[in-house]
Amino acid sequence: MPKITPNLWFDTESEQAAAFYTSVFPNSEITRVSYYGEAGPRPAGMVLTVEFVLDGQPFTAINGGPQFKFDEAVSFLIECTDQQEIDYYWSKLSEGGQEGPCGWLKDRYGLSWQVVPAGFAELMCDPDQARRDRAMRVLLGMRKIDIATINAAADAAD
């Protein structure tokens with residue numbers, strides 16, 4: 001299978017964004033930076049692309065210009081092992097950004113993230129419809145996900 005690398009389009013912030021993301025995620029680093037030359041289309045010497053790795057996942061960021069912006073149609077899901085991880089990623093990524101509903105947020109660059117607990121997909125596929133519904137009702141009222149509250153609601157009797 002070919003290698004798939006998400007390519008993130010920025011106006012001029014690719015290097016700052018890559019530095020931010022690599023500071024948030026463990027085992028992460030910027031691996032290569034390229035620059036525009038005299039051929040353009042942007043000023044010579046300006047950062048063109050930044051290749052970086054977030055805990056094993058490669059990404060490329062490009063300073064492509066102001067034509068395109070991020071929106072919620074594409075997001076990155078972070079499956080967290082516990083509440084401490086949810087709290088950490090929520091705090092770091094939402095700083096300077098915007099909190100959304102149900103574990104979604106936009107970071108300071110407008111990129112959307114979903115910060116969710118491991119096993120949440122299984123809960124949403126639980127064979128007990130009432131259990132799924134109780135969990136969903138509680139989730140819909142949250143911004144940052146609270147695992148204990150969702151689990152308590154799922155396991156409560158109607």
# chains A, B, ... in the order shown; residues from 1 in each chain; ligands from 1

call {"tool": "residues_around", "arguments": {"residues": "Ala156 in chain A", "least_positions_apart": "4", "cutoff": "9 Å", "atoms": "only C-alpha atoms", "output": "VMD selection string"}}
result
chain A and resid 131 134 151 to 152

call {"tool": "write_last_selection", "arguments": {"atoms": "N, CA and C atoms", "output": "compact mmCIF listing (two decimals), in the first residue's frame"}}
result
# COMPACT_ATOMS: atom_id res chain seq x y z
N ARG A 131 -28.43 1.82 26.59
CA ARG A 131 -27.12 2.21 27.11
C ARG A 131 -26.44 3.22 26.18
N ARG A 134 -28.25 6.64 26.49
CA ARG A 134 -27.90 7.37 27.72
C ARG A 134 -26.53 8.04 27.57
N ASN A 151 -19.62 7.22 31.29
CA ASN A 151 -19.76 5.83 31.74
C ASN A 151 -20.87 5.69 32.78
N ALA A 152 -20.98 6.66 33.69
CA ALA A 152 -22.04 6.60 34.71
C ALA A 152 -23.40 6.68 34.05

call {"tool": "select_by_dssp", "arguments": {"residues": "range 5-156 of chain A", "states": "strand (DSSP E)", "output": "PyMOL selection string"}}
result
chain A and resi 7-10+29-35+47-54+57-63+75-80+98-99+104-106+112-117

call {"tool": "write_last_selection", "arguments": {"atoms": "C-alpha atoms", "output": "PDB file, in the first residue's frame"}}
result
ATOM      1  CA  ASN A   7      -0.835  17.604   3.889  1.00  0.00           C
ATOM      2  CA  LEU A   8      -2.002  20.687   5.796  1.00  0.00           C
ATOM      3  CA  TRP A   9      -2.390  23.960   3.889  1.00  0.00           C
ATOM      4  CA  PHE A  10      -1.504  27.164   5.748  1.00  0.00           C
ATOM      5  CA  GLU A  29       9.890  16.114  15.445  1.00  0.00           C
ATOM      6  CA  ILE A  30      10.291  18.351  12.438  1.00  0.00           C
ATOM      7  CA  THR A  31      12.203  16.315   9.866  1.00  0.00           C
ATOM      8  CA  ARG A  32      12.667  18.672   6.890  1.00  0.00           C
ATOM      9  CA  VAL A  33      11.965  22.248   5.808  1.00  0.00           C
ATOM     10  CA  SER A  34      11.980  23.464   2.208  1.00  0.00           C
ATOM     11  CA  TYR A  35      11.891  27.040   0.933  1.00  0.00           C
ATOM     12  CA  VAL A  47       9.121  28.438   4.006  1.00  0.00           C
ATOM     13  CA  LEU A  48       7.421  26.260   1.376  1.00  0.00           C
ATOM     14  CA  THR A  49       6.890  22.973   3.255  1.00  0.00           C
ATOM     15  CA  VAL A  50       7.579  21.546   6.675  1.00  0.00           C
ATOM     16  CA  GLU A  51       7.697  17.776   7.074  1.00  0.00           C
ATOM     17  CA  PHE A  52       7.093  16.562  10.604  1.00  0.00           C
ATOM     18  CA  VAL A  53       6.138  13.458  12.551  1.00  0.00           C
ATOM     19  CA  LEU A  54       3.613  13.291  15.380  1.00  0.00           C
ATOM     20  CA  GLN A  57       2.469   9.710  11.938  1.00  0.00           C
ATOM     21  CA  PRO A  58       4.078  11.778   9.155  1.00  0.00           C
ATOM     22  CA  PHE A  59       2.564  15.115   8.112  1.00  0.00           C
ATOM     23  CA  THR A  60       3.483  17.849   5.674  1.00  0.00           C
ATOM     24  CA  ALA A  61       2.551  21.490   6.158  1.00  0.00           C
ATOM     25  CA  ILE A  62       2.671  23.908   3.235  1.00  0.00           C
ATOM     26  CA  ASN A  63       2.606  27.684   3.110  1.00  0.00           C
ATOM     27  CA  SER A  75     -10.453  16.541  11.599  1.00  0.00           C
ATOM     28  CA  PHE A  76      -7.894  14.454  13.433  1.00  0.00           C
ATOM     29  CA  LEU A  77      -9.107  12.078  16.120  1.00  0.00           C
ATOM     30  CA  ILE A  78      -6.985  11.560  19.229  1.00  0.00           C
ATOM     31  CA  GLU A  79      -7.985   8.395  21.070  1.00  0.00           C
ATOM     32  CA  CYS A  80      -6.905   8.951  24.681  1.00  0.00           C
ATOM     33  CA  GLN A  98     -12.111  27.336  20.017  1.00  0.00           C
ATOM     34  CA  GLU A  99     -13.857  24.628  22.036  1.00  0.00           C
ATOM     35  CA  TRP A 104     -14.349  18.605  19.121  1.00  0.00           C
ATOM     36  CA  LEU A 105     -12.122  21.679  19.088  1.00  0.00           C
ATOM     37  CA  LYS A 106     -10.329  23.950  16.675  1.00  0.00           C
ATOM     38  CA  SER A 112     -10.200  20.544  13.924  1.00  0.00           C
ATOM     39  CA  TRP A 113      -9.460  17.788  16.425  1.00  0.00           C
ATOM     40  CA  GLN A 114     -11.621  15.225  18.195  1.00  0.00           C
ATOM     41  CA  VAL A 115     -10.318  14.346  21.664  1.00  0.00           C
ATOM     42  CA  VAL A 116     -12.070  11.138  22.706  1.00  0.00           C
ATOM     43  CA  PRO A 117     -11.564   8.249  25.118  1.00  0.00           C
TER      44      PRO A 117
END

call {"tool": "select_by_dssp", "arguments": {"residues": "range 6-158 of chain A", "states": "helix (DSSP H, G or I)", "output": "number ranges by chain"}}
result
A: 14-24, 83-94, 120-124, 129-139, 147-155

call {"tool": "write_last_selection", "arguments": {"atoms": "N, CA and C atoms", "output": "compact mmCIF listing (two decimals), in the first residue's frame"}}
result
# COMPACT_ATOMS: atom_id res chain seq x y z
N SER A 14 3.02 27.54 8.48
CA SER A 14 3.34 26.11 8.52
C SER A 14 4.46 25.78 9.50
N GLU A 15 5.48 26.58 9.55
CA GLU A 15 6.61 26.28 10.44
C GLU A 15 6.20 26.45 11.91
N GLN A 16 5.46 27.50 12.21
CA GLN A 16 4.99 27.71 13.58
C GLN A 16 4.02 26.61 14.00
N ALA A 17 3.14 26.21 13.10
CA ALA A 17 2.18 25.16 13.40
C ALA A 17 2.89 23.84 13.65
N ALA A 18 3.85 23.49 12.81
CA ALA A 18 4.59 22.24 13.00
C ALA A 18 5.34 22.25 14.33
N ALA A 19 5.93 23.39 14.68
CA ALA A 19 6.63 23.50 15.96
C ALA A 19 5.65 23.33 17.12
N PHE A 20 4.47 23.91 16.98
CA PHE A 20 3.44 23.76 18.02
C PHE A 20 3.02 22.31 18.16
N TYR A 21 2.65 21.67 17.05
CA TYR A 21 2.17 20.29 17.11
C TYR A 21 3.24 19.35 17.65
N THR A 22 4.49 19.53 17.25
CA THR A 22 5.55 18.65 17.75
C THR A 22 5.84 18.90 19.23
N SER A 23 5.47 20.06 19.75
CA SER A 23 5.64 20.31 21.18
C SER A 23 4.51 19.67 22.01
N VAL A 24 3.37 19.41 21.38
CA VAL A 24 2.21 18.86 22.08
C VAL A 24 2.27 17.33 22.15
N GLN A 83 -8.65 9.99 31.35
CA GLN A 83 -9.09 11.38 31.49
C GLN A 83 -7.91 12.34 31.52
N GLN A 84 -6.81 11.92 32.10
CA GLN A 84 -5.63 12.78 32.16
C GLN A 84 -5.14 13.13 30.75
N GLU A 85 -5.13 12.15 29.86
CA GLU A 85 -4.74 12.43 28.47
C GLU A 85 -5.75 13.34 27.78
N ILE A 86 -7.03 13.08 27.99
CA ILE A 86 -8.05 13.96 27.41
C ILE A 86 -7.83 15.38 27.88
N ASP A 87 -7.65 15.57 29.18
CA ASP A 87 -7.43 16.91 29.74
C ASP A 87 -6.20 17.57 29.14
N TYR A 88 -5.11 16.81 29.00
CA TYR A 88 -3.87 17.35 28.45
C TYR A 88 -4.05 17.84 27.02
N TYR A 89 -4.55 16.95 26.14
CA TYR A 89 -4.68 17.33 24.72
C TYR A 89 -5.73 18.43 24.54
N TRP A 90 -6.80 18.37 25.30
CA TRP A 90 -7.84 19.41 25.21
C TRP A 90 -7.24 20.77 25.57
N SER A 91 -6.51 20.80 26.68
CA SER A 91 -5.92 22.05 27.14
C SER A 91 -4.90 22.60 26.14
N LYS A 92 -3.99 21.76 25.69
CA LYS A 92 -2.94 22.22 24.77
C LYS A 92 -3.50 22.65 23.42
N LEU A 93 -4.37 21.84 22.84
CA LEU A 93 -4.84 22.13 21.48
C LEU A 93 -5.90 23.23 21.43
N SER A 94 -6.68 23.39 22.49
CA SER A 94 -7.72 24.43 22.46
C SER A 94 -7.19 25.80 22.85
N PHE A 120 -14.52 4.48 23.04
CA PHE A 120 -15.78 5.21 22.85
C PHE A 120 -16.56 4.66 21.66
N ALA A 121 -15.88 4.29 20.59
CA ALA A 121 -16.56 3.74 19.43
C ALA A 121 -17.29 2.45 19.80
N GLU A 122 -16.68 1.65 20.66
CA GLU A 122 -17.33 0.42 21.11
C GLU A 122 -18.59 0.73 21.90
N LEU A 123 -18.54 1.76 22.75
CA LEU A 123 -19.72 2.15 23.51
C LEU A 123 -20.85 2.57 22.57
N MET A 124 -20.50 3.30 21.50
CA MET A 124 -21.53 3.75 20.56
C MET A 124 -22.07 2.60 19.70
N GLN A 129 -29.25 -0.69 23.11
CA GLN A 129 -29.62 0.62 22.57
C GLN A 129 -29.83 1.66 23.67
N ALA A 130 -30.46 1.27 24.77
CA ALA A 130 -30.72 2.21 25.86
C ALA A 130 -29.40 2.71 26.46
N ARG A 131 -28.43 1.82 26.59
CA ARG A 131 -27.12 2.21 27.11
C ARG A 131 -26.44 3.22 26.18
N ARG A 132 -26.49 2.94 24.88
CA ARG A 132 -25.92 3.88 23.89
C ARG A 132 -26.61 5.23 23.96
N ASP A 133 -27.94 5.22 24.06
CA ASP A 133 -28.71 6.47 24.09
C ASP A 133 -28.38 7.29 25.33
N ARG A 134 -28.25 6.64 26.49
CA ARG A 134 -27.90 7.37 27.72
C ARG A 134 -26.53 8.04 27.57
N ALA A 135 -25.58 7.30 27.02
CA ALA A 135 -24.24 7.87 26.82
C ALA A 135 -24.29 9.03 25.83
N MET A 136 -25.03 8.88 24.74
CA MET A 136 -25.12 9.93 23.72
C MET A 136 -25.78 11.19 24.27
N ARG A 137 -26.84 11.03 25.05
CA ARG A 137 -27.52 12.22 25.62
C ARG A 137 -26.55 13.04 26.47
N VAL A 138 -25.74 12.35 27.27
CA VAL A 138 -24.78 13.06 28.12
C VAL A 138 -23.68 13.70 27.26
N LEU A 139 -23.17 12.95 26.29
CA LEU A 139 -22.13 13.46 25.41
C LEU A 139 -22.56 14.74 24.70
N ILE A 147 -15.02 11.21 30.87
CA ILE A 147 -15.21 9.76 30.75
C ILE A 147 -16.11 9.23 31.87
N ALA A 148 -15.86 9.63 33.10
CA ALA A 148 -16.63 9.10 34.23
C ALA A 148 -18.10 9.44 34.09
N THR A 149 -18.42 10.64 33.66
CA THR A 149 -19.82 11.05 33.50
C THR A 149 -20.51 10.26 32.40
N ILE A 150 -19.81 10.04 31.29
CA ILE A 150 -20.40 9.25 30.20
C ILE A 150 -20.62 7.81 30.63
N ASN A 151 -19.62 7.22 31.29
CA ASN A 151 -19.76 5.83 31.74
C ASN A 151 -20.87 5.69 32.78
N ALA A 152 -20.98 6.66 33.69
CA ALA A 152 -22.04 6.60 34.71
C ALA A 152 -23.40 6.68 34.05
N ALA A 153 -23.53 7.56 33.06
CA ALA A 153 -24.82 7.67 32.36
C ALA A 153 -25.14 6.39 31.58
N ALA A 154 -24.14 5.83 30.92
CA ALA A 154 -24.35 4.61 30.16
C ALA A 154 -24.80 3.47 31.06
N ASP A 155 -24.22 3.39 32.26
CA ASP A 155 -24.50 2.27 33.15
C ASP A 155 -25.68 2.52 34.09

call {"tool": "residues_around", "arguments": {"residues": "Asp55 in chain A", "least_positions_apart": "6", "cutoff": "6 Å", "atoms": "only C-alpha atoms", "output": "list in words"}}
result
Pro26, Asn27 and Ser28 of chain A

call {"tool": "atom_distance", "arguments": {"atom1": "CA of Gly65 in chain A", "atom2": "CA of Gly96 in chain A"}}
result
21.4 Å

call {"tool": "closest_residue", "arguments": {"among": "A:Leu111, A:Met46, A:Cys102, A:Met1", "to": "Lys69 in chain A", "atoms": "only C-alpha atoms"}}
result
A:Leu111

call {"tool": "atom_distance", "arguments": {"atom1": "CA of Val74 in chain A", "atom2": "CA of Gly40 in chain A"}}
result
28.6 Å

call {"tool": "closest_residue", "arguments": {"among": "A:Pro6, A:Gly97, A:Pro41, A:Gly64", "to": "Tyr109 in chain A", "atoms": "only C-alpha atoms"}}
result
A:Gly97
